[in-house]
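Colleague: Got a structure for you, protein_10.cif, holding mmCIF, C-alpha atoms, pLDDT in the B column; chains and numbers go by the auth columns.
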```
data_query
loop_
_atom_site.group_PDB
_atom_site.id
_atom_site.type_symbol
_atom_site.label_atom_id
_atom_site.label_comp_id
_atom_site.label_asym_id
_atom_site.label_seq_id
_atom_site.Cartn_x
_atom_site.Cartn_y
_atom_site.Cartn_z
_atom_site.B_iso_or_equiv
_atom_site.auth_seq_id
_atom_site.auth_asym_id
ATOM 1 C CA MET A 1 20.749 21.865 13.045 50.00 1 W
ATOM 2 C CA LYS A 2 18.047 24.499 13.646 52.00 2 W
ATOM 3 C CA LEU A 3 14.630 23.270 14.691 51.00 3 W
ATOM 4 C CA GLY A 4 11.890 25.658 15.767 57.00 4 W
ATOM 5 C CA GLY A 5 14.412 28.434 16.349 61.00 5 W
ATOM 6 C CA ARG A 6 16.567 26.237 18.623 60.00 6 W
ATOM 7 C CA THR A 7 19.815 24.498 17.846 59.00 7 W
ATOM 8 C CA THR A 8 19.679 20.719 18.150 55.00 8 W
ATOM 9 C CA SER A 9 22.405 18.125 17.945 55.00 9 W
ATOM 10 C CA THR A 10 22.542 15.397 15.307 56.00 10 W
ATOM 11 C CA ALA A 11 23.264 11.709 15.783 58.00 11 W
ATOM 12 C CA GLY A 12 26.212 11.693 13.409 59.00 12 W
ATOM 13 C CA PRO A 13 27.216 12.547 9.854 61.00 13 W
ATOM 14 C CA GLY A 14 24.359 12.985 7.359 64.00 14 W
ATOM 15 C CA PRO A 15 22.611 12.886 5.032 70.00 15 W
ATOM 16 C CA TYR A 16 19.563 11.658 6.891 68.00 16 W
ATOM 17 C CA GLN A 17 16.518 9.913 5.492 70.00 17 W
ATOM 18 C CA PRO A 18 13.094 10.414 7.055 70.00 18 W
ATOM 19 C CA GLY A 19 11.646 7.347 8.769 69.00 19 W
ATOM 20 C CA PHE A 20 8.050 6.706 9.765 64.00 20 W
ATOM 21 C CA PHE A 21 7.502 4.015 12.348 62.00 21 W
ATOM 22 C CA LEU A 22 4.362 2.563 13.926 59.00 22 W
ATOM 23 C CA MET A 23 2.195 4.128 11.238 59.00 23 W
ATOM 24 C CA GLY A 24 -1.248 2.598 11.537 58.00 24 W
ATOM 25 C CA ALA A 25 -0.628 1.206 15.016 58.00 25 W
ATOM 26 C CA TYR A 26 -4.003 2.627 16.052 58.00 26 W
ATOM 27 C CA GLN A 27 -5.720 0.553 13.339 54.00 27 W
ATOM 28 C CA ASP A 28 -3.857 -2.576 14.484 56.00 28 W
ATOM 29 C CA ILE A 29 -5.067 -2.038 18.036 55.00 29 W
ATOM 30 C CA MET A 30 -8.643 -1.457 16.846 56.00 30 W
ATOM 31 C CA GLY A 31 -8.816 -4.936 15.307 54.00 31 W
ATOM 32 C CA ASN A 32 -7.298 -4.049 11.931 55.00 32 W
ATOM 33 C CA MET A 33 -10.553 -3.019 10.294 63.00 33 W
ATOM 34 C CA HIS A 34 -11.111 0.384 11.852 59.00 34 W
ATOM 35 C CA HIS A 35 -12.292 2.648 8.994 65.00 35 W
ATOM 36 C CA LEU A 36 -11.713 -0.350 6.641 70.00 36 W
ATOM 37 C CA LEU A 37 -8.016 0.426 6.344 73.00 37 W
ATOM 38 C CA GLY A 38 -6.826 -3.076 7.166 76.00 38 W
ATOM 39 C CA ARG A 39 -3.433 -4.168 8.430 79.00 39 W
ATOM 40 C CA VAL A 40 -0.419 -2.083 7.589 77.00 40 W
ATOM 41 C CA ASN A 41 2.716 -3.587 6.081 81.00 41 W
ATOM 42 C CA GLU A 42 5.186 -4.555 8.768 85.00 42 W
ATOM 43 C CA VAL A 43 8.937 -4.908 8.584 90.00 43 W
ATOM 44 C CA HIS A 44 11.158 -6.553 11.188 92.00 44 W
ATOM 45 C CA VAL A 45 14.441 -4.623 11.163 93.00 45 W
ATOM 46 C CA PHE A 46 17.461 -5.650 13.227 92.00 46 W
ATOM 47 C CA LEU A 47 20.506 -3.512 13.907 91.00 47 W
ATOM 48 C CA ASP A 48 23.695 -5.334 13.003 92.00 48 W
ATOM 49 C CA PRO A 49 27.080 -3.566 13.014 91.00 49 W
ATOM 50 C CA ASP A 50 28.491 -6.340 10.796 94.00 50 W
ATOM 51 C CA GLU A 51 26.173 -5.308 7.947 93.00 51 W
ATOM 52 C CA GLU A 52 27.339 -2.564 5.586 93.00 52 W
ATOM 53 C CA SER A 53 24.117 -0.627 6.177 92.00 53 W
ATOM 54 C CA GLY A 54 24.209 -1.266 9.931 92.00 54 W
ATOM 55 C CA TYR A 55 20.960 -3.244 9.834 93.00 55 W
ATOM 56 C CA TYR A 56 19.136 -6.032 8.037 94.00 56 W
ATOM 57 C CA ILE A 57 15.502 -6.780 7.310 94.00 57 W
ATOM 58 C CA GLU A 58 14.515 -10.145 8.731 94.00 58 W
ATOM 59 C CA GLU A 59 10.917 -10.282 7.579 94.00 59 W
ATOM 60 C CA VAL A 60 8.331 -8.316 5.607 92.00 60 W
ATOM 61 C CA ILE A 61 4.680 -8.964 6.471 89.00 61 W
ATOM 62 C CA GLU A 62 2.271 -7.770 3.797 87.00 62 W
ATOM 63 C CA GLY A 63 -0.703 -5.698 4.867 85.00 63 W
ATOM 64 C CA THR A 64 -4.317 -6.158 3.835 87.00 64 W
ATOM 65 C CA SER A 65 -5.209 -5.887 0.149 90.00 65 W
ATOM 66 C CA ILE A 66 -8.098 -3.772 -1.099 91.00 66 W
ATOM 67 C CA ALA A 67 -9.804 -6.946 -2.379 94.00 67 W
ATOM 68 C CA SER A 68 -9.580 -8.508 1.099 91.00 68 W
ATOM 69 C CA VAL A 69 -11.198 -5.490 2.734 88.00 69 W
ATOM 70 C CA LEU A 70 -13.945 -5.426 0.106 90.00 70 W
ATOM 71 C CA ASP A 71 -14.522 -9.153 0.663 90.00 71 W
ATOM 72 C CA MET A 72 -15.116 -8.453 4.362 84.00 72 W
ATOM 73 C CA VAL A 73 -18.063 -6.241 3.384 85.00 73 W
ATOM 74 C CA GLN A 74 -19.465 -8.787 0.910 90.00 74 W
ATOM 75 C CA TYR A 75 -17.927 -7.547 -2.350 93.00 75 W
ATOM 76 C CA ASP A 76 -16.475 -10.411 -4.391 95.00 76 W
ATOM 77 C CA GLU A 77 -13.263 -9.627 -6.280 96.00 77 W
ATOM 78 C CA LYS A 78 -14.138 -11.876 -9.236 96.00 78 W
ATOM 79 C CA ALA A 79 -17.612 -10.346 -9.548 97.00 79 W
ATOM 80 C CA LEU A 80 -16.165 -6.812 -9.439 96.00 80 W
ATOM 81 C CA VAL A 81 -13.606 -7.617 -12.136 97.00 81 W
ATOM 82 C CA GLN A 82 -16.271 -9.333 -14.257 97.00 82 W
ATOM 83 C CA SER A 83 -18.519 -6.265 -13.980 96.00 83 W
ATOM 84 C CA ILE A 84 -15.732 -3.902 -15.067 96.00 84 W
ATOM 85 C CA LYS A 85 -14.779 -6.288 -17.880 96.00 85 W
ATOM 86 C CA LYS A 86 -18.374 -6.341 -19.154 97.00 86 W
ATOM 87 C CA GLN A 87 -18.588 -2.529 -19.031 96.00 87 W
ATOM 88 C CA THR A 88 -15.223 -2.210 -20.766 97.00 88 W
ATOM 89 C CA GLU A 89 -16.220 -4.607 -23.545 96.00 89 W
ATOM 90 C CA SER A 90 -19.462 -2.666 -24.032 96.00 90 W
ATOM 91 C CA ALA A 91 -17.573 0.646 -24.235 96.00 91 W
ATOM 92 C CA ILE A 92 -15.164 -0.874 -26.784 96.00 92 W
ATOM 93 C CA SER A 93 -18.008 -2.210 -28.938 96.00 93 W
ATOM 94 C CA ASP A 94 -19.724 1.213 -28.746 96.00 94 W
ATOM 95 C CA GLU A 95 -16.392 2.780 -29.813 95.00 95 W
ATOM 96 C CA GLN A 96 -16.197 4.828 -26.603 96.00 96 W
ATOM 97 C CA LEU A 97 -12.854 3.190 -25.776 95.00 97 W
ATOM 98 C CA LYS A 98 -10.046 1.859 -27.917 96.00 98 W
ATOM 99 C CA PRO A 99 -9.352 -1.840 -27.254 96.00 99 W
ATOM 100 C CA SER A 100 -5.873 -1.020 -25.903 96.00 100 W
ATOM 101 C CA GLU A 101 -7.350 1.564 -23.507 97.00 101 W
ATOM 102 C CA GLY A 102 -9.966 -0.906 -22.331 96.00 102 W
ATOM 103 C CA MET A 103 -7.394 -3.617 -21.638 96.00 103 W
ATOM 104 C CA ARG A 104 -5.178 -1.135 -19.791 97.00 104 W
ATOM 105 C CA LEU A 105 -8.169 0.023 -17.709 96.00 105 W
ATOM 106 C CA LEU A 106 -9.059 -3.558 -16.823 96.00 106 W
ATOM 107 C CA ALA A 107 -5.436 -4.413 -15.928 97.00 107 W
ATOM 108 C CA ASP A 108 -5.122 -1.290 -13.736 96.00 108 W
ATOM 109 C CA TYR A 109 -8.409 -2.076 -11.982 96.00 109 W
ATOM 110 C CA THR A 110 -7.371 -5.675 -11.302 96.00 110 W
ATOM 111 C CA LYS A 111 -3.941 -4.567 -10.055 95.00 111 W
ATOM 112 C CA GLY A 112 -5.584 -1.943 -7.851 94.00 112 W
ATOM 113 C CA LEU A 113 -7.668 -4.570 -6.074 95.00 113 W
ATOM 114 C CA ARG A 114 -4.470 -6.394 -5.141 93.00 114 W
ATOM 115 C CA ASP A 115 -2.743 -3.254 -3.843 91.00 115 W
ATOM 116 C CA GLN A 116 -2.581 -2.411 -0.166 87.00 116 W
ATOM 117 C CA THR A 117 -5.240 -0.255 1.442 84.00 117 W
ATOM 118 C CA TYR A 118 -2.607 2.293 2.446 78.00 118 W
ATOM 119 C CA LEU A 119 -0.867 4.674 0.050 72.00 119 W
ATOM 120 C CA SER A 120 1.929 3.072 -1.888 68.00 120 W
ATOM 121 C CA LEU A 121 4.482 4.989 -3.882 65.00 121 W
#
```
Represent the supplied structure as structure tokens.

Modeller:
Amino acid sequence: MKLGGRTTSTAGPGPYQPGFFLMGAYQDIMGNMHHLLGRVNEVHVFLDPDEESGYYIEEVIEGTSIASVLDMVQYDEKALVQSIKKQTESAISDEQLKPSEGMRLLADYTKGLRDQTYLSL
């Protein structure tokens, strides 16, 4: 394998998948609310040669939701959803939005508040 003009060895047969570990560790150390990013998702992975994959996941710890972070700075999830719902209903009655578009917007907004503060794919 060539890396930066030098030949490097590999750990074994490929193909390899990229892995990112300890992402957000700085935020964890800073009390989890540095820049309002919250806790990252954590996964406890154990190597086990008896497993087909060579490892198993013992535990998944969910990170902080967007609604939780907003709550910490005095924004209430229910009040936010109610406000968007009221604006959506007004836009529907003014024929600025189709009812189906309004309901989809409201569902996406509500789902977004429950998502993690970090990028999810």

Colleague: What lies within 6 Å of W:Leu113 using only C-alpha atoms, ignoring chain neighbours under 3 positions off, as a list of chain:residue names?

Modeller: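 Skipping anything fewer than 3 positions along the chain leaves W:Ile66, W:Ala67, W:Thr110.
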
Colleague: So, with all atoms listed in the file as the atoms that count, which of W:Gly63, W:Gly112, W:Pro49, W:Gly54 lies closest to W:Leu80?

Modeller: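 Using all atoms listed in the file, W:Leu80 sits closest to W:Gly112.
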
Colleague: Please expand the PyMOL selection byres ((chain W and resi 84-91) around 12) into the concrete residues it hits in this file, giving the result as a list in words.

Modeller: Glu77, Lys78, Ala79, Leu80, Val81, Gln82, Ser83, Ile92, Ser93, Asp94, Glu95, Gln96, Leu97, Lys98, Pro99, Ser100, Glu101, Gly102, Met103, Arg104, Leu105, Leu106, Ala107, Asp108, Tyr109 and Thr110 of chain W

Colleague: Calculate how many Å separate atom CA of W:Leu37 from atom CA of W:Ser65, rounding to one decimal.

Modeller: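 Separating atom CA of W:Leu37 from atom CA of W:Ser65 is a distance of 9.3 Å.
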
Colleague: Work out how far atom CA of W:Pro18 is from atom CA of W:Glu62, in Å to one decimal.

Modeller: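 Atom CA of W:Pro18 lies 21.4 Å from atom CA of W:Glu62.
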
Colleague: Return the single residue from W:Gln74, W:Ser53, W:Gln17, W:Thr117 that is closest to W:Leu36, with distances computed using only C-alpha atoms.

Modeller: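 Of W:Gln74, W:Ser53, W:Gln17, W:Thr117, the one nearest W:Leu36 is W:Thr117, counting only C-alpha atoms.
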
Colleague: Have a look at W:His44, W:Asp50, W:Tyr56, W:Gly38 and name the one nearest to W:Met72; count all atoms listed in the file.

Modeller: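 That would be W:Gly38, the residue with the smallest distance to W:Met72.
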
Colleague: In Å to one decimal, how far is atom CA of W:Ile61 from atom CA of W:Phe46?

Modeller: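 Value for the atom CA of W:Phe46-atom CA of W:Ile61 distance: 14.8 Å.
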
Colleague: Would you mind listing what lies within 8 Å of W:Val43 as a list in words, with all atoms listed in the file counted and same-chain residues fewer than 4 positions away left out?

Modeller: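 My list of contacting residues is Ile57, Glu58, Glu59, Val60 and Ile61 of chain W.
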
Colleague: From the options W:Asp76, W:Asn41, W:Glu52, W:Leu70, which residue's atoms come nearest to W:Gln116, counting all atoms listed in the file?

Modeller: W:Asn41
